[in-house]
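Novice: The structure's right below; bear with me while I get my questions together.
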Amino acid sequence: MPLAARRVYGEPKSPGSSPNTGERAFAYAKACGIIGRSFIGKRTSALGKLQSLPDLNRLVFPEAVRELPGRELLIDLEGRILQRTTRQILAIIKAYSNPPELLIRQLRSCEYADLKTCLHYISTGKPNPPALSDIGHFRTIRFGAYPDLVGMLAGTEFDFILKKDLKAIKSADYDPTPLEAELDMRYYALLVQSLRRLSAADRQYARQILADEISLRNCVWALRLRIYFKKSVADTGEHLMNIRMGNPPKDVAAEARQLLQFPLDARSAWKDWRWESLLNPEKTGGSWTADPRYFQNAASQYIYRLSLRYFRLMSSSVSSIFCYIKLKQFEEDILTSITEGLGLGMAGKDVFALLEVPS
């Protein structure tokens, strides 16, 4: 198909159109059935009892247990977990004859993640692409053209990358931070744009979750850049997602800009900060330093709990399915982390302890 004739598959024919009552009921009922079988809520504790990769294999895929040696089983499980999540999200999106754009944008977060990994592979000279999410006709990047960035991205919403220094991107000393920050900014800006096309009832809970998520991601970025990459306050500020949401519009980068002024070794200075409760606690008799990993895990738990609470509040709204997708993505992260931990010889409960997940 000529590039000029390509369209973004899966985009609604009329953005902002509302699903009918029957589709809403069917999508939600199907989502509830999948959640009931997922490792969400009380069922999460079963993962903390695991001792080995074969245990995980039998628990998550009882209908298709595979006998493979350790390293091969780890890779196989990671691939099947990714496929399982994508398949279960697609099953709900396809319940709509004209899926809401917000849900398609959520699904396509996989494409953004795959592109980031591909850019990393290209910069390190890897000849073959990584394992990719199969989102079917909702995919827009031509990953089959890897490692040719022009072939992959021309005519897509990612073709802004082709205006950058491609030689620099392909070099071993390439710093992905600015481009990854720009990709995040574009992803969330389009997600917010699609949210605004929904009715007030459909977007109510999704808007709150999304506003908190962007705020927290900005804070994670700011902490990581300050602590791990020793970026200055000015440099860090340039990588924040400056998006306004709500009525009146609220700056969701405000909390991240505040943390840029706090000392990294004095927790008392953070006392009145909005997300202070998600920081690592002080230890008796020891010094304190802000821990980005702890904060990121706590932020993930916060969004998970919010999504779990809102999933059942308005069963007929698009926000409920938005929450469903968030829950499935959280489950995928937990399952992948458990897989990697068991592969290193850890027990499930030890992985939960690292992730700050109650076992």
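For the structure tokens, the naming scheme is as follows: chains receive sequential letters (A, B, ...) according to their order of presentation, residues are indexed from 1 within each chain, and ligands are indexed from 1 in presentation order.
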Name all residues at most 12 Å from stretch 225-234 of chain A (count only C-alpha atoms; drop same-chain ones fewer than 4 positions away) and give them as a ChimeraX atom specification.
Specialist: /A:175,177-178,181,218-221,238-240,256-265,289-293
Novice: Give me the residues near A:Leu313 as an MDAnalysis selection string, where near means some atom within 12 Å (using only C-alpha atoms) and where sequence neighbours in that chain fewer than 3 positions away do not count.
Specialist: chainID A and resid 28 201:202 204:206 306:310 316:321 323
Novice: Using only C-alpha atoms, can you tell me which of A:Val192, A:Ala269, A:Ile92, A:Ala113 comes closest to A:Cys32?
Specialist: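 Using only C-alpha atoms, the shortest distance to A:Cys32 belongs to A:Ile92.
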Novice: Residues of stretch 230-293 of chain A within 12 Å of stretch 195-199 of chain A: nearest atom pair and distance (Å, one decimal) for each, counting only C-alpha atoms, sorted by chain and number, as a Markdown table?
Specialist:
| residue | atom | partner | partner_atom | distance |
| --- | --- | --- | --- | --- |
| A:Arg244 | CA | A:Arg196 | CA | 11.8 |
| A:Met245 | CA | A:Arg196 | CA | 9.4 |
| A:Gly246 | CA | A:Arg196 | CA | 9.6 |
| A:Asn247 | CA | A:Arg196 | CA | 11.3 |
Novice: Just C-alpha atoms for this one: save the residues we selected as a tab-separated table (two decimals), in the first residue's frame.
Specialist:
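The resulting selection27.tsv:
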chain	number	residue	atom	x	y	z
A	244	ARG	CA	-2.79	20.50	31.47
A	245	MET	CA	-5.91	18.58	32.45
A	246	GLY	CA	-9.22	19.26	34.14
A	247	ASN	CA	-11.53	22.23	34.46
Novice: Quick one: pull the distance between atom CA of A:Leu107 and atom CA of A:Met185, Å, one decimal.
Specialist: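 That distance, rounded to one decimal, is 16.4 Å.
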Novice: Applying 10 Å and only C-alpha atoms, which residues near stretch 338-344 of chain A remain after dropping the ones on its own chain fewer than 5 positions away? List them as a VMD selection string.
Specialist: chain A and resid 47 to 48 50 to 57 70 to 71 73 to 75 77 to 78 81 332 to 333 349 to 352 354 to 355
Novice: Save the residues we just selected, N, CA and C atoms, as a CSV table (one decimal), in the first residue's frame?
Specialist:
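And here is the file that came out, selection19.csv:
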chain,number,residue,atom,x,y,z
A,47,LEU,N,0.8,-15.6,43.6
A,47,LEU,CA,2.2,-15.5,42.9
A,47,LEU,C,3.3,-15.4,44.0
A,48,GLY,N,2.9,-14.9,45.2
A,48,GLY,CA,3.9,-14.8,46.2
A,48,GLY,C,4.3,-16.2,46.8
A,50,LEU,N,5.0,-18.8,44.9
A,50,LEU,CA,5.8,-19.6,43.9
A,50,LEU,C,7.2,-19.7,44.3
A,51,GLN,N,7.8,-20.9,43.9
A,51,GLN,CA,9.2,-21.1,44.2
A,51,GLN,C,10.1,-21.4,43.0
A,52,SER,N,9.4,-21.6,41.8
A,52,SER,CA,10.2,-21.9,40.6
A,52,SER,C,9.4,-21.5,39.4
A,53,LEU,N,10.2,-21.5,38.2
A,53,LEU,CA,9.5,-21.2,37.0
A,53,LEU,C,8.5,-22.2,36.6
A,54,PRO,N,8.8,-23.5,36.8
A,54,PRO,CA,7.7,-24.5,36.5
A,54,PRO,C,6.5,-24.3,37.3
A,55,ASP,N,6.6,-23.8,38.5
A,55,ASP,CA,5.4,-23.5,39.3
A,55,ASP,C,4.6,-22.4,38.7
A,56,LEU,N,5.3,-21.4,38.2
A,56,LEU,CA,4.6,-20.3,37.5
A,56,LEU,C,4.0,-20.7,36.2
A,57,ASN,N,4.7,-21.6,35.5
A,57,ASN,CA,4.1,-22.1,34.2
A,57,ASN,C,2.8,-22.8,34.5
A,70,GLY,N,15.6,-24.2,32.2
A,70,GLY,CA,15.4,-22.9,32.8
A,70,GLY,C,15.4,-21.7,31.9
A,71,ARG,N,16.5,-21.4,31.2
A,71,ARG,CA,16.6,-20.2,30.5
A,71,ARG,C,15.6,-20.2,29.3
A,73,LEU,N,12.7,-21.7,29.3
A,73,LEU,CA,11.4,-21.5,29.9
A,73,LEU,C,11.1,-20.1,30.3
A,74,LEU,N,12.2,-19.4,30.8
A,74,LEU,CA,12.0,-18.0,31.2
A,74,LEU,C,11.7,-17.2,30.0
A,75,ILE,N,12.4,-17.3,28.9
A,75,ILE,CA,12.1,-16.6,27.7
A,75,ILE,C,10.7,-16.9,27.1
A,77,LEU,N,8.1,-18.0,28.8
A,77,LEU,CA,7.1,-17.5,29.7
A,77,LEU,C,6.9,-16.0,29.5
A,78,GLU,N,8.0,-15.3,29.3
A,78,GLU,CA,7.9,-13.8,29.1
A,78,GLU,C,7.1,-13.5,27.8
A,81,ILE,N,3.4,-14.4,28.4
A,81,ILE,CA,2.7,-13.5,29.3
A,81,ILE,C,2.3,-12.2,28.5
A,332,GLU,N,0.5,-7.8,33.9
A,332,GLU,CA,1.7,-8.2,33.1
A,332,GLU,C,3.0,-7.8,33.7
A,333,ASP,N,3.1,-6.6,34.3
A,333,ASP,CA,4.3,-6.2,34.9
A,333,ASP,C,4.7,-7.1,36.1
A,349,LYS,N,7.7,-14.5,47.1
A,349,LYS,CA,7.6,-13.5,48.2
A,349,LYS,C,8.7,-12.5,48.2
A,350,ASP,N,9.9,-13.0,47.8
A,350,ASP,CA,11.1,-12.1,47.8
A,350,ASP,C,10.9,-11.0,46.7
A,351,VAL,N,10.4,-11.5,45.5
A,351,VAL,CA,10.2,-10.5,44.4
A,351,VAL,C,9.1,-9.5,44.9
A,352,PHE,N,8.1,-10.0,45.5
A,352,PHE,CA,7.0,-9.0,46.1
A,352,PHE,C,7.6,-8.0,47.0
A,354,LEU,N,10.7,-6.8,47.0
A,354,LEU,CA,11.4,-5.8,46.2
A,354,LEU,C,10.5,-4.8,45.5
A,355,LEU,N,9.3,-5.3,45.1
A,355,LEU,CA,8.3,-4.5,44.4
A,355,LEU,C,7.4,-3.8,45.3
Novice: State, in Å with one decimal place, the distance from atom CA of A:Pro147 to atom CA of A:Gln83.
Specialist: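 According to the coordinates, atom CA of A:Pro147 and atom CA of A:Gln83 are separated by 22.9 Å.
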Novice: Could you check how far atom CA of A:Arg43 sits from atom CA of A:Val357, in Å to one decimal?
Specialist: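 Atom CA of A:Arg43 sits 12.6 Å away from atom CA of A:Val357.
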Novice: Restrict the calculation to only C-alpha atoms, then for each residue of stretch 74-102 of chain A with any atom at most 12 Å from an atom of stretch 38-41 of chain A give the closest atom pair and their distance in Å to one decimal, rows by chain and rising residue number, as a Markdown table.
Specialist:
| residue | atom | partner | partner_atom | distance |
| --- | --- | --- | --- | --- |
| A:Ile81 | CA | A:Ser38 | CA | 11.7 |
| A:Arg84 | CA | A:Ser38 | CA | 10.6 |
| A:Thr85 | CA | A:Ser38 | CA | 10.0 |
| A:Gln88 | CA | A:Ser38 | CA | 10.2 |
Novice: Can you tell me, as a list in words, which residues in stretch 132-355 of chain A count as strand (DSSP E or B) by DSSP?
Specialist: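 So the strand (DSSP E or B) residues in stretch 132-355 of chain A would be Arg244, Met245, Lys250 and Asp251 of chain A.
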Novice: For the selection just defined, write its residues with N, CA and C atoms to a file, as a PDB file, in the first residue's frame.
Specialist:
ATOM      1  N   ARG A 244      -1.764  19.968  30.551  1.00  0.00           N
ATOM      2  CA  ARG A 244      -2.786  20.498  31.466  1.00  0.00           C
ATOM      3  C   ARG A 244      -4.072  19.705  31.306  1.00  0.00           C
ATOM      4  N   MET A 245      -4.688  19.383  32.460  1.00  0.00           N
ATOM      5  CA  MET A 245      -5.913  18.582  32.454  1.00  0.00           C
ATOM      6  C   MET A 245      -6.904  19.146  33.451  1.00  0.00           C
ATOM      7  N   LYS A 250      -5.301  21.963  35.107  1.00  0.00           N
ATOM      8  CA  LYS A 250      -4.286  21.793  36.140  1.00  0.00           C
ATOM      9  C   LYS A 250      -2.981  21.344  35.506  1.00  0.00           C
ATOM     10  N   ASP A 251      -1.876  21.925  35.961  1.00  0.00           N
ATOM     11  CA  ASP A 251      -0.553  21.566  35.473  1.00  0.00           C
ATOM     12  C   ASP A 251      -0.112  20.275  36.143  1.00  0.00           C
TER      13      ASP A 251
END
